[in-house]
Amino acid sequence: MGKIREKALKFLPSLPFLILAIAFLVAVYHIRYYW
Amino acid sequence: MDNLAKNISESGTRSQKTYWADHPLLTEFLREQLPITAAVFIAGIIASHLQHGYLAGGGLPFSIAGVKVPIWHLLWMGFWTGYTMALVGEASGIFSLPYSMSILQFTSLGVSPTSLITTFLNPFGALLGFYRNRQWNLDLAMGLCVGAVLGSPIGPFIRVYYLDDPKPFKAIIGTALFLMSVHLILQVTPWYLRRTARQRAFKEKFDQIIKERLKAGKAPSGLPDDFKIITLEKSITKVTIGYWGETRTFNVPVMVLIGFIVGVVASALGVGGGFMLVPILVTFFGLPMYVLVAATIPFVIVLSLTGLFSYAVIVPWLSGAMAAPDWSFGLFVACGAIFGAWIASKTQRFIPEKLLKPMLGVVTAIVGVLYMINYFWQLPFKV
């Protein structure tokens, strides 16, 4: 449990950047037809 | 035998109790966040059947929005806008509105009231947390809320009569985005940090308490157990509040005026107004983030509700213009946004602000400038 928690804490600072990157890809995928 | 059974059941209850006490995050999620998000999601499904006659999504269009978007995409949009904006201390409307228009192609008048559904529901998850932490003072919020009640019914008329066309509307949104980006980027500059020395002192005190609590093996919270925003003096013209050894006095008519102006602008656009109110309260009143939420959250809720009422009832009644929101669209986005804002509130202290704020600032600046340029010169691509 401790190790998972440690890894999760290490990953947290990059979470918003990962979310923004996915948001960008989803947006590009959605607009592929009408742009 | 009976005693044995009693002992087993008692120890079971005890271990159950310690399990929930050991997992406060899970408890909070299951007791507060899950019921709220599930209720909003179910409300979205019901609203879709009532308003459209079917469950709208990727296959069947949201009739007011006039677009086909899978429900997961709306939940996702709510989640990421709610998450990122809550991280930088503002509501999600100012991000989800351009995304709805440019990516999801929801460009009709209904996008503004629809966005207000999200900005109305989004703060409720956070509200519970702030209320529990006693980051709560209605006397501080009252002046602003009165201004919001007076101003936000006016904004929708501006939207219907002067900003009906998506192009000028996007130009105004672009200006708002650009201003927000300037504020986001400025926040990490030494000049701004020097100006906001009071907040820094508060933050240092806050961080110190987190460290001490972590060392003692307690849940990390930066506010002392006896934290409270108290009203020291209250009259028709002045309100004095106290928090953590500091006192601040506010001129009530000025607060009403600020609430009024932000109310008119925000409801005309269809956003919560946090993007204007937060910089004003931080820069001119020197309020730290942990205190100003006591004013901004009730303000955003009141503004969104009166703005929504104006779009849905007052505007059609007085002008005959149809400006109804797409209820299910807004509710699905709100469902994701509530969850995203909660995740943000729990992870905020691990996020490198100095990197995130300028990055978000650059992204919003690009979108804002594109919207503004497109008003004067038609861009070769759609925005």
# chains A, B, ... in the order shown; residues from 1 in each chain; ligands from 1
$ residues_around --residues "stretch 341-350 of chain B" --least-positions-apart "6" --cutoff "12 Å" --atoms "only C-alpha atoms" --output "PyMOL selection string"
(chain A and resi 8-16+19) or (chain B and resi 24-26+28-29+32-34+36-37+78-92+118-119+121-130+203+206-207+210-211+219-222+290+334-335+356)
$ residues_around --residues "A:Tyr33" --least-positions-apart "2" --cutoff "12 Å" --atoms "only C-alpha atoms" --output "list in words"
Ala27, Val28, Tyr29, His30, Ile31 and Trp35 of chain A; Ile103, Leu104, Gln105 and Lys382 of chain B
$ closest_residue --among "B:Met142, B:Val40, B:Leu74, B:Leu277" --to "A:Val26" --atoms "only C-alpha atoms"
B:Leu74
$ atom_distance --atom1 "atom CA of B:Lys68" --atom2 "atom CA of B:Asp165"
21.4 Å
$ closest_residue --among "B:Leu109, B:Met101, B:Ile185, B:Val69" --to "B:Val160" --atoms "only C-alpha atoms"
B:Leu109
$ select_by_dssp --residues "chain A" --states "helix (DSSP H, G or I)" --output "PyMOL selection string"
chain A and resi 2-30
$ closest_residue --among "B:Phe169, B:Phe157, B:Phe178, B:Phe95" --to "chain A" --atoms "only C-alpha atoms"
B:Phe95
$ atom_distance --atom1 "atom CA of B:Leu144" --atom2 "atom CA of B:Ile297"
10.7 Å
$ closest_residue --among "B:Trp20, B:Phe227, B:Trp72, B:Phe299" --to "B:Gly242" --atoms "only C-alpha atoms"
B:Phe227
$ decode --residues "stretch 9-28 of chain A" --atoms "N, CA and C atoms" --output "PDB file, in the first residue's frame"
ATOM      1  N   LEU A   9       1.785   9.620  -5.460  1.00  0.00           N
ATOM      2  CA  LEU A   9       2.187  10.980  -5.088  1.00  0.00           C
ATOM      3  C   LEU A   9       3.211  11.545  -6.065  1.00  0.00           C
ATOM      4  N   LYS A  10       4.093  10.639  -6.552  1.00  0.00           N
ATOM      5  CA  LYS A  10       5.108  11.082  -7.524  1.00  0.00           C
ATOM      6  C   LYS A  10       4.446  11.461  -8.850  1.00  0.00           C
ATOM      7  N   PHE A  11       3.358  10.757  -9.171  1.00  0.00           N
ATOM      8  CA  PHE A  11       2.690  10.966 -10.458  1.00  0.00           C
ATOM      9  C   PHE A  11       1.813  12.226 -10.450  1.00  0.00           C
ATOM     10  N   LEU A  12       1.297  12.579  -9.261  1.00  0.00           N
ATOM     11  CA  LEU A  12       0.317  13.673  -9.160  1.00  0.00           C
ATOM     12  C   LEU A  12       0.731  14.998  -9.816  1.00  0.00           C
ATOM     13  N   PRO A  13       1.983  15.463  -9.643  1.00  0.00           N
ATOM     14  CA  PRO A  13       2.334  16.750 -10.258  1.00  0.00           C
ATOM     15  C   PRO A  13       2.163  16.770 -11.775  1.00  0.00           C
ATOM     16  N   SER A  14       2.277  15.599 -12.432  1.00  0.00           N
ATOM     17  CA  SER A  14       2.133  15.615 -13.889  1.00  0.00           C
ATOM     18  C   SER A  14       0.692  15.387 -14.338  1.00  0.00           C
ATOM     19  N   LEU A  15      -0.213  15.141 -13.385  1.00  0.00           N
ATOM     20  CA  LEU A  15      -1.611  14.847 -13.738  1.00  0.00           C
ATOM     21  C   LEU A  15      -2.288  15.951 -14.562  1.00  0.00           C
ATOM     22  N   PRO A  16      -2.200  17.241 -14.160  1.00  0.00           N
ATOM     23  CA  PRO A  16      -2.882  18.252 -14.971  1.00  0.00           C
ATOM     24  C   PRO A  16      -2.354  18.331 -16.399  1.00  0.00           C
ATOM     25  N   PHE A  17      -1.057  18.084 -16.559  1.00  0.00           N
ATOM     26  CA  PHE A  17      -0.482  18.156 -17.912  1.00  0.00           C
ATOM     27  C   PHE A  17      -0.968  16.984 -18.756  1.00  0.00           C
ATOM     28  N   LEU A  18      -1.081  15.820 -18.130  1.00  0.00           N
ATOM     29  CA  LEU A  18      -1.606  14.639 -18.822  1.00  0.00           C
ATOM     30  C   LEU A  18      -3.060  14.880 -19.224  1.00  0.00           C
ATOM     31  N   ILE A  19      -3.841  15.441 -18.292  1.00  0.00           N
ATOM     32  CA  ILE A  19      -5.258  15.709 -18.578  1.00  0.00           C
ATOM     33  C   ILE A  19      -5.402  16.716 -19.720  1.00  0.00           C
ATOM     34  N   LEU A  20      -4.567  17.754 -19.699  1.00  0.00           N
ATOM     35  CA  LEU A  20      -4.629  18.754 -20.783  1.00  0.00           C
ATOM     36  C   LEU A  20      -4.251  18.135 -22.120  1.00  0.00           C
ATOM     37  N   ALA A  21      -3.252  17.234 -22.106  1.00  0.00           N
ATOM     38  CA  ALA A  21      -2.825  16.582 -23.351  1.00  0.00           C
ATOM     39  C   ALA A  21      -3.952  15.703 -23.896  1.00  0.00           C
ATOM     40  N   ILE A  22      -4.622  14.955 -23.016  1.00  0.00           N
ATOM     41  CA  ILE A  22      -5.740  14.113 -23.469  1.00  0.00           C
ATOM     42  C   ILE A  22      -6.875  14.997 -23.995  1.00  0.00           C
ATOM     43  N   ALA A  23      -7.138  16.110 -23.275  1.00  0.00           N
ATOM     44  CA  ALA A  23      -8.199  17.029 -23.715  1.00  0.00           C
ATOM     45  C   ALA A  23      -7.911  17.543 -25.119  1.00  0.00           C
ATOM     46  N   PHE A  24      -6.652  17.846 -25.389  1.00  0.00           N
ATOM     47  CA  PHE A  24      -6.260  18.343 -26.710  1.00  0.00           C
ATOM     48  C   PHE A  24      -6.511  17.269 -27.777  1.00  0.00           C
ATOM     49  N   LEU A  25      -6.091  16.026 -27.475  1.00  0.00           N
ATOM     50  CA  LEU A  25      -6.263  14.936 -28.452  1.00  0.00           C
ATOM     51  C   LEU A  25      -7.748  14.653 -28.707  1.00  0.00           C
ATOM     52  N   VAL A  26      -8.556  14.653 -27.638  1.00  0.00           N
ATOM     53  CA  VAL A  26      -9.998  14.399 -27.792  1.00  0.00           C
ATOM     54  C   VAL A  26     -10.623  15.510 -28.646  1.00  0.00           C
ATOM     55  N   ALA A  27     -10.193  16.756 -28.402  1.00  0.00           N
ATOM     56  CA  ALA A  27     -10.725  17.888 -29.166  1.00  0.00           C
ATOM     57  C   ALA A  27     -10.376  17.741 -30.648  1.00  0.00           C
ATOM     58  N   VAL A  28      -9.129  17.396 -30.930  1.00  0.00           N
ATOM     59  CA  VAL A  28      -8.695  17.245 -32.324  1.00  0.00           C
ATOM     60  C   VAL A  28      -9.475  16.109 -32.994  1.00  0.00           C
TER      61      VAL A  28
END
